[in-house]
Amino acid sequence: MKHNKSIKIKRSKNRLYKKKKSGAKVAAETVIFVLIAGALVFVGYSAAGPLIELWSGGTETQIEGWTPTPPPELSEEGSDTVTEGEVTTEPITTQEEISGEIGAFIMSESDIASPAALNNAIEKAKDSGFLQVLVPLKNKEGNLLYKSNISYIKDTDIITGTMPAGQIASLIKSNSLVPKALISALMDNNSPSYVEGAGYRFADDSYFWLDAAAANGGKRWLDPFLDGTKKYLSDLSRELKSSGFEEVILSQLRFPDFTTYDQTILDNRSFTDDRYKALSSVYIASYNASEKKSSVSVDLKDVLSGYGQSFSGTAEILNDKTFTGTVYLFTAPSEYENRLEVGENKFIGLSPNVYEKAETLIGKAMEYIGTNVSVSVVIDDEGLSEEEVEECYKRIGIGG
């Protein structure tokens with residue numbers, strides 16, 4: 001496996017605390033990165049709250065009429081008690097010790113609302129001992145939280161930020177911190193109004209597709225098959241990298257949760273077994289435009305859902321065996337109960353001990369992911385204390 005690393009992340013709106021550390025602990029922190037944040041992904045997470053508050057009210061835009069998509073059929077969940085199938089407990093041995101170099105501080109949208117707010121967040125990051133700063137610059141509504149100079153969007157309503165990207169990056173760098181940009185890739189309700197050839201449309205090209213009825217708050221998404229989508233995300237990646245951001249991290253690089261009815265109104269390409277190639281093409285476009293400084297965030301639940309035979313949700317890009325990019329693997333051990341399904345009628349028993357649970361979950365995920373990608377493991381669990389999260393990392397071979 002390529003060099004792996006963990007990341008220690010705090011959100012600016014979380015309680016930032018300091019404590020006395022022993023000499024051994026200080027030394028250990030040079031190789032331990034702990035995440036205490038809310039959930040990153042909009043599907044499947046518990047009530048911990050989002051890792052990055054990327055959703056905003058946004059500016060209302062006119063949406064063309066459409067035929068409502070019926071809601072998906074719901075099936076009853078099985079009992080938490082294991083009553084059938086094979087239950088095993090597997091010892092997990094990490095493939096290699098995972099180490100890191102610097103921590104990270106995740107800013108909120110309000111932290112980049114003005115230079116004063118940004119300076120205040122920078123001071124918090126420095127006081128907490130972080131060197132790396134992750135900045136949300138495009139949220140899940142599709143709003144840009146900085147003043148972009150891209151010609152076809154710079155005068156539109158999707159620009160909600162007041163500071164240029166270069167100013168944000170410069171202020172962070174002037175304080176000896178490393179800025180990295182976070183952008184919601186395909187979950188984007190607003191951009192289809194302004195970016196030509198980007199949003200999902202009905203197969204007959206008549207209307208924009210929404211992920212639910214408009215009356216129920218349905219949203220548009222960017223279609224990874226379209227050249228307009230790839231051009232837009234490439235232009236954003238290029239602008240952010242040239243403005244001084246060290247890396248562009250793509251979140252929500254995934255397909256929507258389509259229903260059976262959607263298959264009758266959308267192009268068939270969105271339902272083929274190899275549709276993951278479209279996600280790869282978007283990543284490659286961003287990767288090239290950002291001078292090979294793009295990565296993808298993935299939810300561990302999406303890695304485990306296919307039992308190692310296939311991946312879904314934010315992990316679907318991993319179905320492309322030629323993908324060799326960098327992945328931030330997020331997990332919240334406390335969300336899992338007493339078992340993990342790893343195949344048809346086959347389960348792994350999970351220990352109630354959160355450290356052993358993290359060891360099993362991450363070990364199984366790394367087994368499924370394989371050795372093609374560089375993985376940054378992120379313990380994403382507000383329900384745990386800093387000490388508990390550090391112990392989780394130790395159990396999987398990170399830290400002393």
# chains A, B, ... in the order shown; residues from 1 in each chain; ligands from 1
>>> residues_around(residues="Lys126 in chain A", least_positions_apart="4", cutoff="10 Å", atoms="only C-alpha atoms", output="MDAnalysis selection string")
chainID A and resid 105 121:122 130:133 175:177
>>> residues_around(residues="Tyr194 in chain A", least_positions_apart="2", cutoff="8 Å", atoms="only C-alpha atoms", output="PDB file with C-alpha atoms, in the first residue's frame")
ATOM      1  CA  TYR A 152     -19.204  32.383 -16.855  1.00  0.00           C
ATOM      2  CA  ILE A 153     -20.101  32.415 -13.151  1.00  0.00           C
ATOM      3  CA  THR A 156     -24.050  35.084 -10.940  1.00  0.00           C
ATOM      4  CA  ASN A 190     -27.558  25.912  -8.195  1.00  0.00           C
ATOM      5  CA  SER A 191     -24.833  25.518 -10.821  1.00  0.00           C
ATOM      6  CA  PRO A 192     -27.031  23.888 -13.510  1.00  0.00           C
ATOM      7  CA  GLU A 196     -23.965  25.031 -19.626  1.00  0.00           C
TER       8      GLU A 196
END
>>> atom_distance(atom1="CA of Gly308 in chain A", atom2="CA of Leu384 in chain A")
27.7 Å
>>> atom_distance(atom1="CA of Tyr355 in chain A", atom2="CA of Glu341 in chain A")
18.9 Å
>>> residues_around(residues="Asp211 in chain A", least_positions_apart="6", cutoff="9 Å", atoms="only C-alpha atoms", output="list in words")
Thr69, Gly217, Gly218, Lys219, Arg220, Trp221, Pro256, Asp257, Phe258 and Thr259 of chain A
>>> select_by_dssp(residues="range 242-323 of chain A", states="alpha helix (DSSP H)", output="ChimeraX atom specification")
/A:242,262-265,276-289,300-304
>>> closest_residue(among="A:Thr162, A:Ser251, A:Thr229, A:Ser114", to="Pro136 in chain A", atoms="only C-alpha atoms")
A:Ser251
>>> atom_distance(atom1="CA of Leu266 in chain A", atom2="CA of Ala278 in chain A")
15.5 Å
>>> closest_residue(among="A:Glu359, A:Glu335, A:Asp262, A:Glu239", to="Gly383 in chain A", atoms="only C-alpha atoms")
A:Glu335
>>> closest_residue(among="A:Ile362, A:Lys140, A:Asp273, A:Leu240", to="Leu222 in chain A", atoms="only C-alpha atoms")
A:Lys140
>>> select_by_dssp(residues="range 208-385 of chain A", states="strand (DSSP E)", output="MDAnalysis selection string")
chainID A and resid 248:251 294:299 326:331 339:343 346:349 374:379
>>> closest_residue(among="A:Thr331, A:Ala203, A:Ser286, A:Pro224", to="Asn268 in chain A", atoms="only C-alpha atoms")
A:Ala203
